[in-house]
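Some notes on the structure that comes next.
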Amino acid sequence: MAISDKRKIKKYYQNEICALKYVNERFTFPLGKILHEKQVSVVNRYISLTNSKKILELACGPGRITQDVEVPANVKCVAVDASDEMLKIAKEKLQGKKRWILRKEDIFLMELEERFDLIFSFRFVRHFRKKDRTKIYGTVKKHLIDKGIFIFDVVNKEISLPLRLREGLDRYPVYDKLYTREEFLKEMEEEGFWVKELIPVYPYYNLLFKIQIYLGPRFEKLTYSLLRFIENRFIGKNLEWIAVCQFA
């Protein structure tokens, strides 16, 4: 059974080998690069649109997103994680980017003394069951200004579930909450958020995956260009969304 207990998830991401594999296995291949670029671009766009002066990243991990977020000199940036090993790697990646303050925090118990204009988190909220997701949303609301923005990723049940059943659920050691669009909108409304945007990621994922498998090993640059073209030009049957929510 996939891990969904917050203590077990914390332990899973604590060791250094897992921390290193997190980026090396997931985000160095063309599909992973495209996902990373899209997540970064959405965060950067909303920092600019909202003229954010204070930014918080929850569960920053090894600084994958953190290192590429573009912020003006007058913006305060805080990134938190519960894993010493993840923070160790993040600190190395962020050398020279002094605006980022790294802190070890248990997000379920976190009590910072300030509120932020924008909070973002990727590959975190999705790993928890409803009771714990509600606690995370509570932490977010406690640290957001009124009308503040929360950005995070959401897995599309209609595409992901058949894929997982076909591959075998044992390939997914950590739990992911899967939503239909309607289920996600309902949860956000119940938690006091208004969904400004649901940005599709990985349209026609089965096709994208086949392109990476068959072309990627021999033609990495061509594969990346082709996948990026599909990602930017087509909509439909997307594997995930990037949710942009406003604290109502």
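Scheme for the structure tokens: letters A, B, ... for chains in order shown; per-chain residue numbers from 1; ligand numbers from 1 in order shown.
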
As a PyMOL selection string, which residues of range 24-233 of chain A does DSSP assign to strand (DSSP E)? chain A and resi 54-58+76-81+100-104+116-121+144-156+178-179+193-201

Do you know which residues are at most 9 Å from Val125 in chain A counting only C-alpha atoms, after dropping those on the same chain fewer than 5 positions away, and could you put them as an MDAnalysis selection string? chainID A and resid 132:133 136:137 152:154 176:177

I'd like to know which of A:Leu49, A:Ile230, A:Leu109, A:Met188 is closest to Tyr204 in chain A, using only C-alpha atoms.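 Among the listed residues, the smallest separation from Tyr204 in chain A belongs to A:Ile230.
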
Return as a Markdown table the residues of range 92-144 of chain A lying at most 9 Å from range 71-81 of chain A, together with the closest atom-to-atom pair for each and the distance in Å to one decimal, counting only C-alpha atoms, with rows in chain order and ascending residue number.
```
| residue | atom | partner | partner_atom | distance |
| --- | --- | --- | --- | --- |
| A:Arg99 | CA | A:Cys77 | CA | 5.9 |
| A:Trp100 | CA | A:Cys77 | CA | 4.8 |
| A:Ile101 | CA | A:Val78 | CA | 4.7 |
| A:Leu102 | CA | A:Ala79 | CA | 5.0 |
| A:Arg103 | CA | A:Val80 | CA | 4.8 |
| A:Lys104 | CA | A:Asp81 | CA | 5.2 |
| A:Glu105 | CA | A:Asp81 | CA | 5.6 |
| A:Asp106 | CA | A:Asp81 | CA | 7.1 |
| A:Ile107 | CA | A:Asp81 | CA | 7.6 |
```

Distance criterion (only C-alpha atoms): nearest to Glu158 in chain A out of A:Arg126, A:Lys142, A:Lys135, A:Arg181: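 Answer, going by the shortest atom-to-atom distance: A:Arg181.
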
Interatomic distance, CA of Leu112 in chain A to CA of Thr139 in chain A (Å, one decimal):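 Atom-to-atom, CA of Leu112 in chain A and CA of Thr139 in chain A are spaced 9.7 Å apart.
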
Near Ile145 in chain A, within 8 Å and counting only C-alpha atoms, which residues show up once chain neighbours fewer than 2 positions away are dropped, as a ChimeraX atom specification? /A:115-117,141,143,147-148,247

Using only N, CA and C atoms, please write the residues we just selected to a file, as a compact mmCIF listing (two decimals), in the first residue's frame.
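again_21.txt, freshly written:
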```txt
# COMPACT_ATOMS: atom_id res chain seq x y z
N ARG A 115 3.03 37.09 7.17
CA ARG A 115 2.18 36.58 6.10
C ARG A 115 2.81 36.88 4.75
N PHE A 116 2.45 36.07 3.76
CA PHE A 116 3.09 36.14 2.46
C PHE A 116 2.07 36.45 1.38
N ASP A 117 2.55 37.10 0.31
CA ASP A 117 1.69 37.42 -0.82
C ASP A 117 1.43 36.19 -1.68
N LYS A 141 -3.42 29.10 4.72
CA LYS A 141 -4.29 30.24 5.00
C LYS A 141 -3.75 31.10 6.15
N HIS A 143 -0.73 31.69 6.74
CA HIS A 143 0.46 32.43 6.33
C HIS A 143 0.28 33.25 5.06
N LYS A 147 -6.59 37.53 -0.03
CA LYS A 147 -6.50 37.49 -1.49
C LYS A 147 -5.12 37.01 -1.98
N GLY A 148 -4.35 36.41 -1.07
CA GLY A 148 -3.05 35.88 -1.46
C GLY A 148 -3.18 34.66 -2.36
N PHE A 247 -6.83 32.86 -1.79
CA PHE A 247 -7.45 32.75 -0.48
C PHE A 247 -8.59 33.76 -0.42
```

Write down as number ranges by chain the residues of range 52-183 of chain A whose backbone DSSP state falls under alpha helix (DSSP H). A: 84-93, 130-143, 157-167, 181-183

I'd like the contact shell of range 219-224 of chain A - 9 Å cut-off, only C-alpha atoms, skipping same-chain residues fewer than 3 positions apart - returned as number ranges by chain. A: 29-31, 33-34, 211-212, 215-216, 227-229

In Å, rounded to a single decimal, give me how far CA of Glu191 in chain A is from CA of Gly138 in chain A.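 Separation of CA of Gly138 in chain A and CA of Glu191 in chain A: 8.3 Å.
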